[in-house]
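A.B. asks: One structure follows; several queries about it will come next.
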Amino acid sequence: MMQRGGSDGDRIRKRISGCPIGAVKVTIISYEEQVRGRLAEISRTHSIVKQQVPYERLTETLDLYCKAPVLAFDESAIAHFQRLWLMRLRVGTMDLKIAAIALAHNATLLTRNRSDFEKVPGLLVEDWSV
């Protein structure tokens, strides 16, 4: 969402800029999702000339994730994920992995997708786009 233009992205970037350096972190799962999307966009673009913009977007994604601390899907996150999975929550697998990482780090999850993430017990969720 931060990479998108518009007022939502502007509000998020402004709020993050007011945080201490390193206070806002990203998950490796978010990185995976964004890179997969960028690579799919490149593979759908058959004209080499038209691939310039998707490659620029891929570079922007890489730059963003190089600047922010990345939280791993580690043993603690896996344990949280397995517990959540057994609860049969109606939340997608990738979102459950993101939630598990946030729970493992006792972190507040920043998302526009409050409806799904608020189904996760004990997860603190905020939407900075509003």
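Residue numbers start at 1 in each chain; chains themselves are named A, B, ... in the order of the structure tokens; ligands are numbered from 1 in the order shown.
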Among chain A, which residues does DSSP mark as strand (DSSP E or B) when it is run on the backbone? Keep the chain and numbering as in the structure and answer as number ranges by chain.
C.D. replies: A: 26-27, 70-71, 108-110, 124-126
A.B. asks: Based on the selection just made, write N, CA and C atoms of those residues as a short mmCIF file (atom, residue, chain, number, x, y, z; two decimals), in the first residue's frame.
C.D. replies:
data_model
loop_
_atom_site.label_atom_id
_atom_site.label_comp_id
_atom_site.auth_asym_id
_atom_site.auth_seq_id
_atom_site.Cartn_x
_atom_site.Cartn_y
_atom_site.Cartn_z
N VAL A 26 8.69 -4.92 8.33
CA VAL A 26 7.89 -5.63 7.33
C VAL A 26 8.12 -7.12 7.51
N THR A 27 7.23 -7.93 6.97
CA THR A 27 7.40 -9.37 7.09
C THR A 27 7.95 -9.95 5.79
N VAL A 70 13.27 -6.63 8.23
CA VAL A 70 12.36 -7.68 7.77
C VAL A 70 12.24 -8.74 8.85
N LEU A 71 11.01 -9.02 9.25
CA LEU A 71 10.74 -10.05 10.26
C LEU A 71 10.59 -11.41 9.59
N THR A 108 2.20 -4.71 16.49
CA THR A 108 0.93 -4.26 15.94
C THR A 108 1.01 -4.39 14.43
N LEU A 109 0.01 -5.01 13.84
CA LEU A 109 -0.02 -5.21 12.40
C LEU A 109 -0.71 -4.03 11.72
N LEU A 110 -0.01 -3.41 10.79
CA LEU A 110 -0.58 -2.30 10.02
C LEU A 110 -1.14 -2.87 8.72
N LEU A 124 -2.96 -7.33 17.52
CA LEU A 124 -3.24 -5.90 17.50
C LEU A 124 -3.17 -5.43 16.06
N VAL A 125 -4.24 -4.74 15.61
CA VAL A 125 -4.35 -4.34 14.21
C VAL A 125 -4.68 -2.85 14.13
N GLU A 126 -3.99 -2.15 13.23
CA GLU A 126 -4.27 -0.74 12.97
C GLU A 126 -4.27 -0.51 11.46
#
A.B. asks: When you look at stretch 50-67 of chain A with a cut-off of 9 Å (counting only C-alpha atoms), what residues show up, excluding the ones that are within fewer than 5 positions of it in the same chain? I need them as a list in words.
C.D. replies: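 Once the nearby chain positions are removed, what remains is Gln3, Gly22, Val26, Tyr31, Gln34, Val35, Arg38, Leu39, Glu41, Ile42, Ser43 and Thr45 of chain A.
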A.B. asks: Which value, in Å to one decimal, gives the distance between atom CA of A:Arg11 and atom CA of A:Asp95?
C.D. replies: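 Computing the Euclidean distance for atom CA of A:Arg11 and atom CA of A:Asp95 yields 22.8 Å.
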A.B. asks: Find, counting only C-alpha atoms, the residue in A:Ala68, A:Ala102, A:Val120, A:Val49 that gets nearest to A:Arg83.
C.D. replies: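 Among the listed residues, A:Val120 lies closest to A:Arg83.
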A.B. asks: Counting only C-alpha atoms, what is within 12 Å of A:Asp127, bar same-chain residues fewer than 3 positions away, as a list in words?
C.D. replies: Met1, Asp8, Gly9, Arg11, Ile12, Arg15, Thr108, Leu109, Leu110, Thr111, Arg112, Asn113, Arg114, Ser115, Phe117, Glu118, Leu124 and Val130 of chain A
A.B. asks: Run DSSP on the backbone of this structure and report the residues of chain A it assigns to alpha helix (DSSP H), as a ChimeraX atom specification.
C.D. replies: /A:6-17,28-44,52-67,75-86,93-104,114-117
A.B. asks: For the residues in that selection, give me C-alpha atoms as a compact mmCIF listing (two decimals), in the first residue's frame.
C.D. replies:
# COMPACT_ATOMS: atom_id res chain seq x y z
CA GLY A 6 -2.97 8.55 -3.77
CA SER A 7 -4.06 9.85 -0.43
CA ASP A 8 -3.99 6.44 1.33
CA GLY A 9 -0.33 5.93 0.46
CA ASP A 10 0.48 9.52 1.38
CA ARG A 11 -1.12 9.13 4.84
CA ILE A 12 0.78 5.90 5.49
CA ARG A 13 4.13 7.34 4.38
CA LYS A 14 3.59 10.47 6.48
CA ARG A 15 2.74 8.43 9.57
CA ILE A 16 5.74 6.13 9.09
CA SER A 17 8.08 9.09 8.60
CA ILE A 28 9.16 -11.75 4.74
CA ILE A 29 5.68 -12.95 3.74
CA SER A 30 4.70 -9.47 2.56
CA TYR A 31 7.94 -9.35 0.59
CA GLU A 32 7.17 -12.73 -0.98
CA GLU A 33 3.68 -11.62 -2.01
CA GLN A 34 4.88 -8.38 -3.53
CA VAL A 35 7.78 -9.96 -5.41
CA ARG A 36 5.52 -12.72 -6.76
CA GLY A 37 3.11 -10.06 -8.00
CA ARG A 38 5.89 -8.04 -9.64
CA LEU A 39 7.36 -11.14 -11.32
CA ALA A 40 3.92 -12.19 -12.58
CA GLU A 41 3.45 -8.71 -14.05
CA ILE A 42 6.80 -9.02 -15.87
CA SER A 43 5.99 -12.50 -17.23
CA ARG A 44 2.60 -11.31 -18.54
CA GLN A 52 10.61 -1.47 -18.36
CA VAL A 53 7.86 -0.21 -16.03
CA PRO A 54 7.28 -3.58 -14.31
CA TYR A 55 11.04 -3.89 -13.74
CA GLU A 56 11.07 -0.37 -12.29
CA ARG A 57 8.31 -1.43 -9.89
CA LEU A 58 10.28 -4.54 -8.94
CA THR A 59 13.30 -2.33 -8.20
CA GLU A 60 11.14 -0.01 -6.05
CA THR A 61 9.91 -3.03 -4.09
CA LEU A 62 13.47 -4.24 -3.56
CA ASP A 63 14.56 -0.76 -2.42
CA LEU A 64 11.69 -0.53 0.07
CA TYR A 65 12.48 -3.90 1.63
CA CYS A 66 16.21 -3.14 1.77
CA LYS A 67 15.46 -0.06 3.88
CA GLU A 75 10.30 -21.10 14.74
CA SER A 76 8.23 -18.83 16.97
CA ALA A 77 6.13 -17.61 14.04
CA ILE A 78 5.66 -21.19 12.85
CA ALA A 79 4.38 -22.21 16.29
CA HIS A 80 1.88 -19.33 16.25
CA PHE A 81 0.87 -20.22 12.68
CA GLN A 82 0.23 -23.86 13.61
CA ARG A 83 -1.90 -22.80 16.59
CA LEU A 84 -3.92 -20.40 14.41
CA TRP A 85 -4.26 -23.00 11.65
CA LEU A 86 -5.80 -25.47 14.11
CA THR A 93 -2.79 -18.85 4.60
CA MET A 94 -0.51 -15.94 3.71
CA ASP A 95 -2.43 -13.61 6.03
CA LEU A 96 -2.19 -16.21 8.80
CA LYS A 97 1.58 -16.32 8.29
CA ILE A 98 1.77 -12.51 8.53
CA ALA A 99 -0.40 -12.57 11.66
CA ALA A 100 1.79 -15.31 13.17
CA ILE A 101 4.92 -13.23 12.61
CA ALA A 102 3.28 -10.20 14.24
CA LEU A 103 2.19 -12.31 17.23
CA ALA A 104 5.67 -13.83 17.56
CA ARG A 114 -8.87 -5.23 9.19
CA SER A 115 -11.82 -7.53 8.52
CA ASP A 116 -9.61 -10.63 8.12
CA PHE A 117 -6.85 -9.82 10.58
A.B. asks: One decimal, Å: what's the distance from atom CA of A:Leu89 over to atom CA of A:Asn106, could you say?
C.D. replies: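 Distance between the two atoms: 19.7 Å.
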